[in-house]
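Student: My questions all concern the structure below.
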Amino acid sequence: MEQETEMKKMSVIFLVLLVIVAAAATAECQDPKPTNVTTVAEARVSGAETKAVLHGHFIKKINDNKYVFQDSTGEIIVDLSADKAGSLPAESAEVALEGVVEQDIVFAGIEAQKISVLN
């Protein structure tokens, strides 16, 4: 019985190590980040700190500083500073959004740096 428990522990440790090694190998094999992403779809998979220049419009307010932005490829959450949120154009206005991708394991978003109305 004790030997079975020990084998289970070793199996779990082996699996954890295997996952860590696979993740490290995958990270080393990825192509370098492009200088800018131009669509929501690209932003979602680009990785943290990638510069984003997107064209689309804001479709919904989530809270005081978070909004949903949409382009032809999808939707993404945008984090706006108080001064940018206060001067946000109407939902129908097409905008150019410049910012940086924020990403963790389950969430991808944009930290806005500049918003320009296009129409």
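Order determines the names: the first chain of the structure tokens is A, the second B, and so forth; residues in each chain are numbered 1 upward, and ligands are numbered 1 upward as they are shown.
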Excluding segment 36-48 of chain A and any residue of its chain fewer than 3 positions from it, enumerate the residues within 6 Å of it, using only C-alpha atoms, and give them as number ranges by chain.
Tutor: A: 51-54, 73-74, 101-103, 108
Student: Given the choices A:Gln3, A:Ile115, A:Glu49, A:Ile77, which gets closest to Lys61 of chain A if the distance is worked out from only C-alpha atoms?
Tutor: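 Among the listed residues, A:Ile77 lies closest to Lys61 of chain A.
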Student: Just the residues within 10 Å of Leu97 of chain A, please, counting only C-alpha atoms, with nothing from its chain fewer than 4 positions along; format it as a PyMOL selection string.
Tutor: chain A and resi 38+52-58+69+78+110-117
Student: Could you give me, as a list in words, the residues within 12 Å of Lys60 of chain A, counting only C-alpha atoms and dropping anything in the same chain fewer than 4 positions from it?
Tutor: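 Final neighbour list, sorted by chain and number: Asp64, Asn65, Lys66, Tyr67, Val68, Phe69, Gln70, Glu75, Ile76, Ile77, Val78, Leu88, Pro89, Ala90, Glu91 and Ser92 of chain A.
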Student: Of the candidates A:Thr35, A:Ala85, A:Ala93, A:Glu98, which shows the shortest atom-to-atom distance to Ile59 of chain A, using only C-alpha atoms?
Tutor: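 Answer, going by the shortest atom-to-atom distance: A:Ala93.
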Student: Please indicate the distance in Å from atom CA of Leu80 of chain A to atom CA of Thr50 of chain A, rounded to one decimal place.
Tutor: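 Going from atom CA of Leu80 of chain A over to atom CA of Thr50 of chain A covers 16.9 Å.
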